[in-house]
>>> print(open('upload_22.cif').read())   # mmCIF, C-alpha atoms and all ligand atoms
data_input
loop_
_atom_site.label_atom_id
_atom_site.label_comp_id
_atom_site.auth_asym_id
_atom_site.auth_seq_id
_atom_site.Cartn_x
_atom_site.Cartn_y
_atom_site.Cartn_z
CA MET X 1 19.03 106.19 3.20
CA THR X 2 19.68 106.77 6.88
CA THR X 3 21.02 110.23 7.53
CA ALA X 4 22.08 111.92 10.74
CA THR X 5 18.47 113.05 11.15
CA GLY X 6 16.42 110.14 9.82
CA THR X 7 15.54 108.06 6.78
CA ARG X 8 14.55 109.48 3.41
CA HIS X 9 11.87 108.09 1.13
CA LEU X 10 10.74 108.98 -2.39
CA GLY X 11 7.11 109.24 -3.44
CA LEU X 12 5.82 109.33 -7.02
CA ASP X 13 2.26 110.35 -7.90
CA LEU X 14 1.23 109.21 -11.37
CA GLY X 15 -1.56 111.34 -12.79
CA ALA X 16 -2.91 111.44 -16.32
CA THR X 17 -1.48 114.95 -16.78
CA ASN X 18 1.44 115.27 -14.36
CA LEU X 19 3.87 112.96 -12.63
CA LYS X 20 4.73 114.51 -9.27
CA TRP X 21 7.47 113.44 -6.89
CA ALA X 22 8.45 114.23 -3.32
CA ILE X 23 11.24 113.16 -0.98
CA VAL X 24 10.25 113.00 2.68
CA GLU X 25 12.47 112.50 5.70
CA HIS X 26 11.30 110.49 8.69
CA ALA X 27 12.91 111.05 12.08
CA ALA X 28 10.31 109.42 14.32
CA PRO X 29 7.80 110.71 15.08
CA ALA X 30 8.35 113.66 12.72
CA TRP X 31 8.02 113.74 8.94
CA ARG X 32 9.17 116.57 6.70
CA VAL X 33 9.25 117.23 2.98
CA VAL X 34 12.83 117.62 1.72
CA ALA X 35 12.15 118.33 -1.98
CA HIS X 36 9.42 117.95 -4.56
CA GLY X 37 8.78 118.54 -8.26
CA GLN X 38 6.82 117.40 -11.26
CA ALA X 39 7.02 116.48 -14.94
CA VAL X 40 4.41 116.17 -17.68
CA THR X 41 3.24 112.55 -17.89
CA ARG X 42 4.72 110.93 -21.01
CA THR X 43 2.34 108.88 -23.10
CA ALA X 44 2.59 107.25 -26.54
CA ASP X 45 0.59 107.27 -29.78
CA ASP X 46 -0.06 103.56 -29.51
CA PRO X 47 -2.16 102.89 -26.38
CA ALA X 48 -0.56 99.46 -26.03
CA ALA X 49 2.81 101.19 -25.61
CA VAL X 50 1.64 103.61 -22.92
CA PRO X 51 2.20 101.42 -19.82
CA ALA X 52 5.82 100.68 -20.70
CA THR X 53 6.43 104.35 -21.56
CA VAL X 54 4.87 105.57 -18.33
CA VAL X 55 6.70 103.06 -16.14
CA ALA X 56 10.00 103.97 -17.83
CA GLN X 57 9.27 107.61 -16.97
CA LEU X 58 8.52 106.68 -13.35
CA ALA X 59 11.96 105.03 -13.18
CA ASP X 60 13.61 108.03 -14.89
CA VAL X 61 11.98 110.56 -12.55
CA ALA X 62 12.90 108.45 -9.52
CA ALA X 63 16.51 108.17 -10.65
CA ALA X 64 16.73 111.92 -11.32
CA ALA X 65 15.23 112.81 -7.91
CA ILE X 66 17.68 110.47 -6.16
CA ALA X 67 20.61 111.83 -8.20
CA GLY X 68 19.63 115.38 -7.27
CA HIS X 69 18.79 114.95 -3.60
CA GLY X 70 20.65 111.88 -2.35
CA PRO X 71 19.76 108.25 -1.72
CA VAL X 72 16.44 107.03 -0.37
CA ALA X 73 15.47 103.83 1.45
CA SER X 74 12.22 103.17 -0.44
CA VAL X 75 9.96 104.35 -3.23
CA GLY X 76 6.17 104.61 -3.01
CA ILE X 77 4.11 104.99 -6.18
CA GLY X 78 0.60 106.46 -6.08
CA ILE X 79 -1.70 105.65 -8.98
CA ALA X 80 -5.13 106.97 -9.90
CA GLY X 81 -6.70 103.55 -10.14
CA VAL X 82 -6.76 100.05 -8.73
CA CYS X 83 -3.58 98.15 -7.95
CA ASP X 84 -2.61 94.85 -6.39
CA PRO X 85 -0.35 95.91 -3.52
CA ALA X 86 0.82 92.36 -2.83
CA THR X 87 2.37 91.96 -6.28
CA GLY X 88 3.07 95.62 -7.09
CA THR X 89 1.05 95.38 -10.29
CA THR X 90 -1.71 97.61 -11.62
CA ARG X 91 -5.21 96.31 -12.25
CA PHE X 92 -7.07 99.24 -13.80
CA LEU X 93 -6.26 102.90 -14.50
CA PRO X 94 -9.37 104.71 -15.80
CA ASN X 95 -7.63 107.85 -17.06
CA ILE X 96 -4.43 106.58 -18.70
CA PRO X 97 -4.65 104.50 -21.92
CA GLY X 98 -3.24 101.02 -22.25
CA PRO X 99 -3.69 97.54 -21.01
CA TRP X 100 -2.76 97.97 -17.32
CA ALA X 101 -4.01 94.64 -15.93
CA GLY X 102 -1.11 92.84 -14.31
CA HIS X 103 1.50 95.43 -15.33
CA PRO X 104 4.58 95.11 -13.04
CA VAL X 105 5.05 98.73 -12.00
CA ALA X 106 6.63 98.47 -8.54
CA GLY X 107 9.11 95.74 -9.48
CA THR X 108 10.30 97.61 -12.56
CA VAL X 109 10.90 100.84 -10.63
CA ALA X 110 12.55 98.95 -7.75
CA ARG X 111 15.02 97.27 -10.11
CA ALA X 112 15.79 100.59 -11.81
CA VAL X 113 16.68 102.44 -8.60
CA GLY X 114 17.86 99.57 -6.37
CA VAL X 115 15.48 100.05 -3.42
CA PRO X 116 12.08 98.49 -2.56
CA ALA X 117 9.05 100.04 -4.27
CA PHE X 118 5.37 99.83 -3.29
CA LEU X 119 2.08 100.80 -4.97
CA ILE X 120 -0.79 102.71 -3.36
CA ASN X 121 -4.03 104.20 -4.67
CA ASP X 122 -3.72 107.97 -4.97
CA ALA X 123 -6.66 108.76 -2.65
CA ARG X 124 -5.17 106.55 0.07
CA ALA X 125 -1.85 108.33 -0.52
CA PHE X 126 -3.61 111.70 -0.10
CA GLY X 127 -5.11 110.49 3.18
CA LEU X 128 -1.85 109.06 4.48
CA ALA X 129 -0.06 112.35 3.74
CA GLU X 130 -2.71 114.39 5.54
CA LEU X 131 -2.66 111.91 8.45
CA ARG X 132 1.11 112.16 8.98
CA LEU X 133 2.00 115.69 7.80
CA GLY X 134 -1.23 117.60 7.22
CA ALA X 135 -4.77 118.22 8.43
CA GLY X 136 -5.13 114.75 9.95
CA ARG X 137 -2.08 115.01 12.24
CA GLY X 138 -2.81 113.62 15.67
CA ALA X 139 -6.12 112.04 14.65
CA SER X 140 -6.76 108.52 15.84
CA SER X 141 -9.44 107.81 13.27
CA MET X 142 -10.03 109.86 10.16
CA ILE X 143 -12.06 109.82 7.00
CA GLY X 144 -10.89 111.81 3.98
CA LEU X 145 -12.39 112.72 0.66
CA THR X 146 -10.59 114.18 -2.31
CA LEU X 147 -12.97 115.92 -4.69
CA GLY X 148 -12.04 116.29 -8.34
CA THR X 149 -12.54 114.35 -11.56
CA GLY X 150 -13.82 111.60 -9.26
CA VAL X 151 -14.46 111.35 -5.53
CA GLY X 152 -11.56 109.59 -3.83
CA GLY X 153 -11.84 108.29 -0.29
CA VAL X 154 -9.69 107.12 2.57
CA VAL X 155 -10.29 105.71 6.04
CA ALA X 156 -7.76 105.65 8.88
CA ILE X 157 -8.35 103.61 12.02
CA GLY X 158 -6.09 103.60 15.06
CA GLY X 159 -3.65 106.02 13.42
CA ARG X 160 -3.12 103.95 10.27
CA VAL X 161 -4.75 104.04 6.86
CA HIS X 162 -7.01 101.01 6.50
CA PHE X 163 -6.44 99.15 3.23
CA GLY X 164 -8.68 96.08 3.52
CA HIS X 165 -7.63 92.73 2.10
CA ASP X 166 -6.69 94.07 -1.33
CA GLY X 167 -5.87 97.75 -0.89
CA THR X 168 -9.27 99.06 -1.98
CA ALA X 169 -10.78 99.97 1.42
CA GLY X 170 -11.98 103.53 1.90
CA GLU X 171 -13.83 104.13 -1.38
CA LEU X 172 -16.25 106.58 0.22
CA GLY X 173 -17.15 107.96 -3.23
CA HIS X 174 -18.59 104.62 -4.30
CA GLN X 175 -21.13 104.15 -1.54
CA THR X 176 -24.62 103.74 -2.96
CA ILE X 177 -26.72 106.64 -1.73
CA ASP X 178 -29.59 106.23 -4.22
CA PRO X 179 -30.45 102.70 -5.43
CA ASP X 180 -32.01 104.02 -8.64
CA GLY X 181 -29.65 106.94 -9.13
CA PRO X 182 -27.50 107.76 -12.16
CA TRP X 183 -24.84 105.35 -13.42
CA CYS X 184 -21.41 105.82 -11.89
CA THR X 185 -18.10 105.40 -13.71
CA CYS X 186 -17.53 102.27 -11.56
CA GLY X 187 -20.55 100.46 -13.05
CA ASN X 188 -22.82 100.83 -10.01
CA ARG X 189 -25.72 103.25 -9.87
CA GLY X 190 -26.35 106.01 -7.39
CA CYS X 191 -22.82 106.30 -5.94
CA VAL X 192 -21.77 109.52 -4.17
CA GLU X 193 -19.37 110.07 -7.08
CA ALA X 194 -22.23 109.93 -9.59
CA TYR X 195 -23.51 113.15 -7.97
CA ALA X 196 -20.31 114.84 -6.81
CA ARG X 197 -17.62 114.32 -9.43
CA ALA X 198 -16.45 117.49 -11.20
CA ASP X 199 -18.55 117.12 -14.37
CA GLN X 200 -21.70 116.49 -12.32
CA ILE X 201 -20.99 119.60 -10.24
CA ALA X 202 -20.74 121.62 -13.46
CA ALA X 203 -24.02 120.12 -14.70
CA ALA X 204 -25.77 120.83 -11.39
CA CYS X 205 -24.57 124.44 -11.48
CA GLY X 206 -25.24 125.10 -15.18
CA THR X 207 -21.58 125.77 -16.01
CA ALA X 208 -19.02 124.15 -18.33
CA THR X 209 -16.59 123.15 -15.59
CA ALA X 210 -16.50 122.70 -11.82
CA GLU X 211 -14.04 125.60 -11.58
CA GLU X 212 -16.58 127.86 -13.32
CA ALA X 213 -19.29 126.56 -11.00
CA ILE X 214 -17.24 127.53 -7.94
CA GLY X 215 -16.45 130.96 -9.42
CA ALA X 216 -20.12 131.60 -10.25
CA ALA X 217 -21.26 130.50 -6.79
CA GLN X 218 -18.64 132.72 -5.15
CA ALA X 219 -19.92 135.62 -7.28
CA GLY X 220 -23.43 135.00 -5.93
CA ASP X 221 -25.02 133.19 -8.88
CA PRO X 222 -28.17 131.56 -7.40
CA ARG X 223 -28.19 128.50 -9.70
CA ALA X 224 -24.53 127.74 -8.97
CA ARG X 225 -25.11 128.17 -5.23
CA ALA X 226 -28.12 125.85 -5.35
CA GLY X 227 -26.12 123.33 -7.41
CA LEU X 228 -23.26 123.28 -4.89
CA ALA X 229 -25.77 122.94 -2.04
CA ASP X 230 -27.29 119.88 -3.81
CA VAL X 231 -23.86 118.34 -4.30
CA GLY X 232 -23.00 119.09 -0.67
CA ARG X 233 -26.16 117.30 0.39
CA TYR X 234 -25.14 114.10 -1.44
CA LEU X 235 -21.59 114.31 -0.08
CA GLY X 236 -23.06 114.90 3.37
CA ILE X 237 -25.13 111.71 3.12
CA GLY X 238 -22.01 109.71 2.27
CA ILE X 239 -19.99 111.34 5.05
CA ALA X 240 -22.83 110.82 7.54
CA ASN X 241 -22.86 107.11 6.68
CA ALA X 242 -19.11 106.89 7.23
CA ILE X 243 -19.34 108.80 10.54
CA THR X 244 -22.09 106.48 11.77
CA VAL X 245 -19.99 103.42 10.92
CA LEU X 246 -16.59 104.67 12.09
CA THR X 247 -17.08 107.62 14.52
CA PRO X 248 -13.88 109.30 13.30
CA ASP X 249 -12.46 112.25 15.20
CA ARG X 250 -11.38 114.02 11.99
CA VAL X 251 -13.01 114.53 8.57
CA VAL X 252 -10.60 115.92 5.96
CA VAL X 253 -11.91 117.31 2.68
CA GLY X 254 -9.46 118.06 -0.13
CA GLY X 255 -9.07 118.10 -3.91
CA GLY X 256 -9.62 120.93 -6.38
CA VAL X 257 -13.37 121.16 -5.77
CA ALA X 258 -12.73 121.79 -2.06
CA ALA X 259 -11.78 125.32 -3.17
CA ALA X 260 -15.52 126.00 -2.94
CA GLY X 261 -14.96 126.22 0.83
CA GLU X 262 -18.05 126.97 2.93
CA LEU X 263 -20.31 126.99 -0.15
CA LEU X 264 -19.80 123.22 -0.17
CA LEU X 265 -18.73 122.50 3.43
CA GLY X 266 -21.76 124.31 4.86
CA PRO X 267 -24.32 122.05 3.12
CA ILE X 268 -22.16 119.00 3.93
CA ARG X 269 -22.14 119.85 7.66
CA ALA X 270 -25.89 120.56 7.65
CA GLU X 271 -26.68 117.19 6.03
CA VAL X 272 -24.34 115.36 8.39
CA ALA X 273 -26.04 117.03 11.37
CA ARG X 274 -29.46 115.90 10.07
CA ARG X 275 -28.43 112.28 9.56
CA VAL X 276 -25.96 111.36 12.29
CA THR X 277 -28.07 110.40 15.28
CA MET X 278 -26.15 107.63 17.02
CA THR X 279 -22.98 109.48 17.94
CA SER X 280 -22.10 112.96 19.09
CA LEU X 281 -20.68 115.24 16.41
CA GLU X 282 -19.02 117.47 19.01
CA ALA X 283 -15.82 115.46 18.84
CA VAL X 284 -15.81 115.20 15.03
CA THR X 285 -13.72 117.98 13.49
CA PHE X 286 -14.24 118.95 9.83
CA VAL X 287 -11.11 120.42 8.27
CA ALA X 288 -9.79 121.34 4.83
CA ALA X 289 -6.79 119.39 3.55
CA GLU X 290 -3.46 121.21 4.02
CA LEU X 291 -0.98 119.71 1.58
CA GLY X 292 -2.51 120.67 -1.76
CA THR X 293 -1.64 118.94 -5.01
CA ILE X 294 1.61 117.46 -3.67
CA ALA X 295 -0.25 115.35 -1.06
CA GLY X 296 -0.34 112.27 -3.31
CA ALA X 297 3.44 112.22 -3.79
CA ILE X 298 4.07 112.84 -0.08
CA GLY X 299 1.66 110.07 0.91
CA ALA X 300 3.24 107.65 -1.56
CA ALA X 301 6.62 108.35 0.07
CA VAL X 302 5.17 107.75 3.54
CA HIS X 303 3.55 104.52 2.30
CA GLY X 304 6.90 103.24 1.02
CA ALA X 305 8.50 104.06 4.37
CA GLU X 306 5.78 102.32 6.38
CA ARG X 307 5.63 99.26 4.13
CA SER X 308 9.40 98.90 4.34
CA ALA X 309 9.26 99.16 8.12
CA ASP X 310 6.48 96.55 8.24
CA GLU X 311 8.46 94.16 6.04
CA HIS X 312 11.58 94.63 8.16
CA SER X 313 9.81 93.70 11.37
CA ALA X 314 10.90 90.20 12.24
CA ASP X 315 7.52 88.50 12.58
CA GLY X 316 5.75 90.21 9.70
CA ARG X 317 3.84 92.47 12.04
CA SER X 318 4.51 96.15 12.45
CA ALA X 319 6.31 97.52 15.48
CA ASP X 320 3.03 98.46 17.16
CA GLY X 321 1.67 94.93 16.72
CA ARG X 322 -0.82 95.63 13.96
CA GLU X 323 -0.85 93.30 11.05
CA ALA X 324 1.50 94.43 8.32
CA ARG X 325 -0.68 94.34 5.26
CA THR X 326 -0.46 96.38 2.10
ZN ZN X 401 -19.27 104.26 -8.14
#
>>> encode(input="upload_22.cif", output="structure tokens")
Amino acid sequence: MTTATGTRHLGLDLGATNLKWAIVEHAAPAWRVVAHGQAVTRTADDPAAVPATVVAQLADVAAAAIAGHGPVASVGIGIAGVCDPATGTTRFLPNIPGPWAGHPVAGTVARAVGVPAFLINDARAFGLAELRLGAGRGASSMIGLTLGTGVGGVVAIGGRVHFGHDGTAGELGHQTIDPDGPWCTCGNRGCVEAYARADQIAAACGTATAEEAIGAAQAGDPRARAGLADVGRYLGIGIANAITVLTPDRVVVGGGVAAAGELLLGPIRAEVARRVTMTSLEAVTFVAAELGTIAGAIGAAVHGAERSADEHSADGRSADGREART
């Protein structure tokens, strides 16, 4: 709740392996992380029972964090999938079993802990965390990519993450960059993600995993280096498209695969330089994400704080006049 220094907000980041949490404190304009932790995501033998089990764990982890670190004014919940932010229900979670369509996640957690709860996609949560507390601080417009099992994306315009009409804006990984390219997990063909998700990086580099690909490239293996350069080229095409559309002043690249550093960022920058012709790249800064694996939980907490503030504003618009959506 409100403390002498600001308001506190809890963020939960539901992953298929771990459930992370973070409490952030907001004393405008500053944000700081007060505490964070994680638990192994609880599932069930019967897939149909998984959603209820997982949501019960979200409520348990929230209650334990609040009991340990004091009351909060809101809860934000990041999910690796598609949600309906207006109703607080999930639509589709690709990596956690169960029927998730229409599952009331936010309402259940809100009732359990007695404060408002809000859903956000985990890539948007990553971007919001970097925008407020990390590598995107001070940016007016930003694009972000989080590279891992998939390719998550986020767009911020005018200092706020842009959600679109249903919370799905910013999916930079699902831009078509080759109309006849390989099938993507989303059902489209030729998406950025179809070339740059972790298993495709491993395939391009001739290794079993993306981590091995990065290690081999760092050790000088020519096939792994060429594979990362190819992947960087496809990512660069997607980023160049986004820069041409949005002219952001910051490009933030995060996620486990970003550990490749210049072996990936170098080819990305080179491809962007080849393809962006309509705007100057001098004012576009490329940076690595700063908040690591806790970014999703931090961003979920910030989302809860900002959604609460939007809903409290008398006319349904946020304090700065922008429409208070999602
Ligand atoms: Zn796709």
>>> residues_around(input="upload_22.cif", residues="range 41-51 of chain X", least_positions_apart="6", cutoff="9 Å", atoms="all atoms listed in the file", output="list in words")
Leu14, Gly15, Ala16, Thr17, Asn18, Leu19, Lys20, Gln57, Ile96, Pro97, Gly98, Pro99, Trp100, His103 and Val105 of chain X
>>> write_last_selection(input="upload_22.cif", atoms="C-alpha atoms", output="compact mmCIF listing (two decimals), keeping the file's coordinate frame")
# COMPACT_ATOMS: atom_id res chain seq x y z
CA LEU X 14 1.23 109.21 -11.37
CA GLY X 15 -1.56 111.34 -12.79
CA ALA X 16 -2.91 111.44 -16.32
CA THR X 17 -1.48 114.95 -16.78
CA ASN X 18 1.44 115.27 -14.36
CA LEU X 19 3.87 112.96 -12.63
CA LYS X 20 4.73 114.51 -9.27
CA GLN X 57 9.27 107.61 -16.97
CA ILE X 96 -4.43 106.58 -18.70
CA PRO X 97 -4.65 104.50 -21.92
CA GLY X 98 -3.24 101.02 -22.25
CA PRO X 99 -3.69 97.54 -21.01
CA TRP X 100 -2.76 97.97 -17.32
CA HIS X 103 1.50 95.43 -15.33
CA VAL X 105 5.05 98.73 -12.00
>>> atom_distance(input="upload_22.cif", atom1="CA of Gly68 in chain X", atom2="CA of Gly11 in chain X")
14.5 Å
>>> residues_around(input="upload_22.cif", residues="Val154 in chain X", least_positions_apart="2", cutoff="8 Å", atoms="only C-alpha atoms", output="PyMOL selection string")
chain X and resi 123-124+127+143-145+152+156+161-162+169-172
>>> closest_residue(input="upload_22.cif", among="X:Leu147, X:Ala63, X:Leu133, X:Asp166", to="Ala86 in chain X", atoms="all atoms listed in the file")
X:Asp166
>>> atom_distance(input="upload_22.cif", atom1="CA of Ala204 in chain X", atom2="CA of Ala229 in chain X")
9.6 Å
>>> atom_distance(input="upload_22.cif", atom1="CA of Ala198 in chain X", atom2="CA of Ile157 in chain X")
28.2 Å
>>> build_atoms(input="upload_22.cif", residues="range 164-186 of chain X", atoms="N, CA and C atoms", output="PDB file, in the frame of the given file")
ATOM      1  N   GLY X 164      -7.874  97.255   3.858  1.00  0.00           N
ATOM      2  CA  GLY X 164      -8.680  96.080   3.520  1.00  0.00           C
ATOM      3  C   GLY X 164      -7.798  94.973   2.959  1.00  0.00           C
ATOM      4  N   HIS X 165      -8.438  93.888   2.498  1.00  0.00           N
ATOM      5  CA  HIS X 165      -7.630  92.730   2.100  1.00  0.00           C
ATOM      6  C   HIS X 165      -6.910  92.933   0.786  1.00  0.00           C
ATOM      7  N   ASP X 166      -7.332  93.911  -0.018  1.00  0.00           N
ATOM      8  CA  ASP X 166      -6.690  94.070  -1.330  1.00  0.00           C
ATOM      9  C   ASP X 166      -6.342  95.515  -1.668  1.00  0.00           C
ATOM     10  N   GLY X 167      -6.314  96.372  -0.654  1.00  0.00           N
ATOM     11  CA  GLY X 167      -5.870  97.750  -0.890  1.00  0.00           C
ATOM     12  C   GLY X 167      -6.980  98.695  -1.324  1.00  0.00           C
ATOM     13  N   THR X 168      -8.215  98.207  -1.441  1.00  0.00           N
ATOM     14  CA  THR X 168      -9.270  99.060  -1.980  1.00  0.00           C
ATOM     15  C   THR X 168     -10.191  99.645  -0.911  1.00  0.00           C
ATOM     16  N   ALA X 169      -9.897  99.433   0.366  1.00  0.00           N
ATOM     17  CA  ALA X 169     -10.780  99.970   1.420  1.00  0.00           C
ATOM     18  C   ALA X 169     -10.783 101.495   1.381  1.00  0.00           C
ATOM     19  N   GLY X 170     -11.905 102.071   1.781  1.00  0.00           N
ATOM     20  CA  GLY X 170     -11.980 103.530   1.900  1.00  0.00           C
ATOM     21  C   GLY X 170     -12.634 104.233   0.730  1.00  0.00           C
ATOM     22  N   GLU X 171     -13.226 103.488  -0.200  1.00  0.00           N
ATOM     23  CA  GLU X 171     -13.830 104.130  -1.380  1.00  0.00           C
ATOM     24  C   GLU X 171     -15.154 104.799  -1.010  1.00  0.00           C
ATOM     25  N   LEU X 172     -15.055 105.885  -0.261  1.00  0.00           N
ATOM     26  CA  LEU X 172     -16.250 106.580   0.220  1.00  0.00           C
ATOM     27  C   LEU X 172     -17.089 107.122  -0.941  1.00  0.00           C
ATOM     28  N   GLY X 173     -16.443 107.419  -2.071  1.00  0.00           N
ATOM     29  CA  GLY X 173     -17.150 107.960  -3.230  1.00  0.00           C
ATOM     30  C   GLY X 173     -18.024 106.932  -3.925  1.00  0.00           C
ATOM     31  N   HIS X 174     -17.816 105.657  -3.619  1.00  0.00           N
ATOM     32  CA  HIS X 174     -18.590 104.620  -4.300  1.00  0.00           C
ATOM     33  C   HIS X 174     -19.567 103.918  -3.377  1.00  0.00           C
ATOM     34  N   GLN X 175     -19.986 104.617  -2.319  1.00  0.00           N
ATOM     35  CA  GLN X 175     -21.130 104.150  -1.540  1.00  0.00           C
ATOM     36  C   GLN X 175     -22.387 104.426  -2.343  1.00  0.00           C
ATOM     37  N   THR X 176     -23.316 103.491  -2.349  1.00  0.00           N
ATOM     38  CA  THR X 176     -24.620 103.740  -2.960  1.00  0.00           C
ATOM     39  C   THR X 176     -25.421 104.649  -2.028  1.00  0.00           C
ATOM     40  N   ILE X 177     -25.850 105.800  -2.541  1.00  0.00           N
ATOM     41  CA  ILE X 177     -26.720 106.640  -1.730  1.00  0.00           C
ATOM     42  C   ILE X 177     -28.102 106.790  -2.364  1.00  0.00           C
ATOM     43  N   ASP X 178     -28.277 106.236  -3.570  1.00  0.00           N
ATOM     44  CA  ASP X 178     -29.590 106.230  -4.220  1.00  0.00           C
ATOM     45  C   ASP X 178     -29.663 104.975  -5.094  1.00  0.00           C
ATOM     46  N   PRO X 179     -30.472 103.982  -4.702  1.00  0.00           N
ATOM     47  CA  PRO X 179     -30.450 102.700  -5.430  1.00  0.00           C
ATOM     48  C   PRO X 179     -30.837 102.841  -6.894  1.00  0.00           C
ATOM     49  N   ASP X 180     -31.596 103.845  -7.235  1.00  0.00           N
ATOM     50  CA  ASP X 180     -32.010 104.020  -8.640  1.00  0.00           C
ATOM     51  C   ASP X 180     -31.379 105.257  -9.256  1.00  0.00           C
ATOM     52  N   GLY X 181     -30.285 105.716  -8.672  1.00  0.00           N
ATOM     53  CA  GLY X 181     -29.650 106.940  -9.130  1.00  0.00           C
ATOM     54  C   GLY X 181     -28.890 106.768 -10.436  1.00  0.00           C
ATOM     55  N   PRO X 182     -28.223 107.819 -10.891  1.00  0.00           N
ATOM     56  CA  PRO X 182     -27.500 107.760 -12.160  1.00  0.00           C
ATOM     57  C   PRO X 182     -26.332 106.776 -12.121  1.00  0.00           C
ATOM     58  N   TRP X 183     -25.962 106.284 -13.320  1.00  0.00           N
ATOM     59  CA  TRP X 183     -24.840 105.350 -13.420  1.00  0.00           C
ATOM     60  C   TRP X 183     -23.564 106.059 -13.001  1.00  0.00           C
ATOM     61  N   CYS X 184     -22.718 105.321 -12.302  1.00  0.00           N
ATOM     62  CA  CYS X 184     -21.410 105.820 -11.890  1.00  0.00           C
ATOM     63  C   CYS X 184     -20.343 105.258 -12.829  1.00  0.00           C
ATOM     64  N   THR X 185     -19.195 105.896 -12.875  1.00  0.00           N
ATOM     65  CA  THR X 185     -18.100 105.400 -13.710  1.00  0.00           C
ATOM     66  C   THR X 185     -17.641 104.002 -13.282  1.00  0.00           C
ATOM     67  N   CYS X 186     -17.973 103.586 -12.058  1.00  0.00           N
ATOM     68  CA  CYS X 186     -17.530 102.270 -11.560  1.00  0.00           C
ATOM     69  C   CYS X 186     -18.438 101.151 -12.018  1.00  0.00           C
TER      70      CYS X 186
END
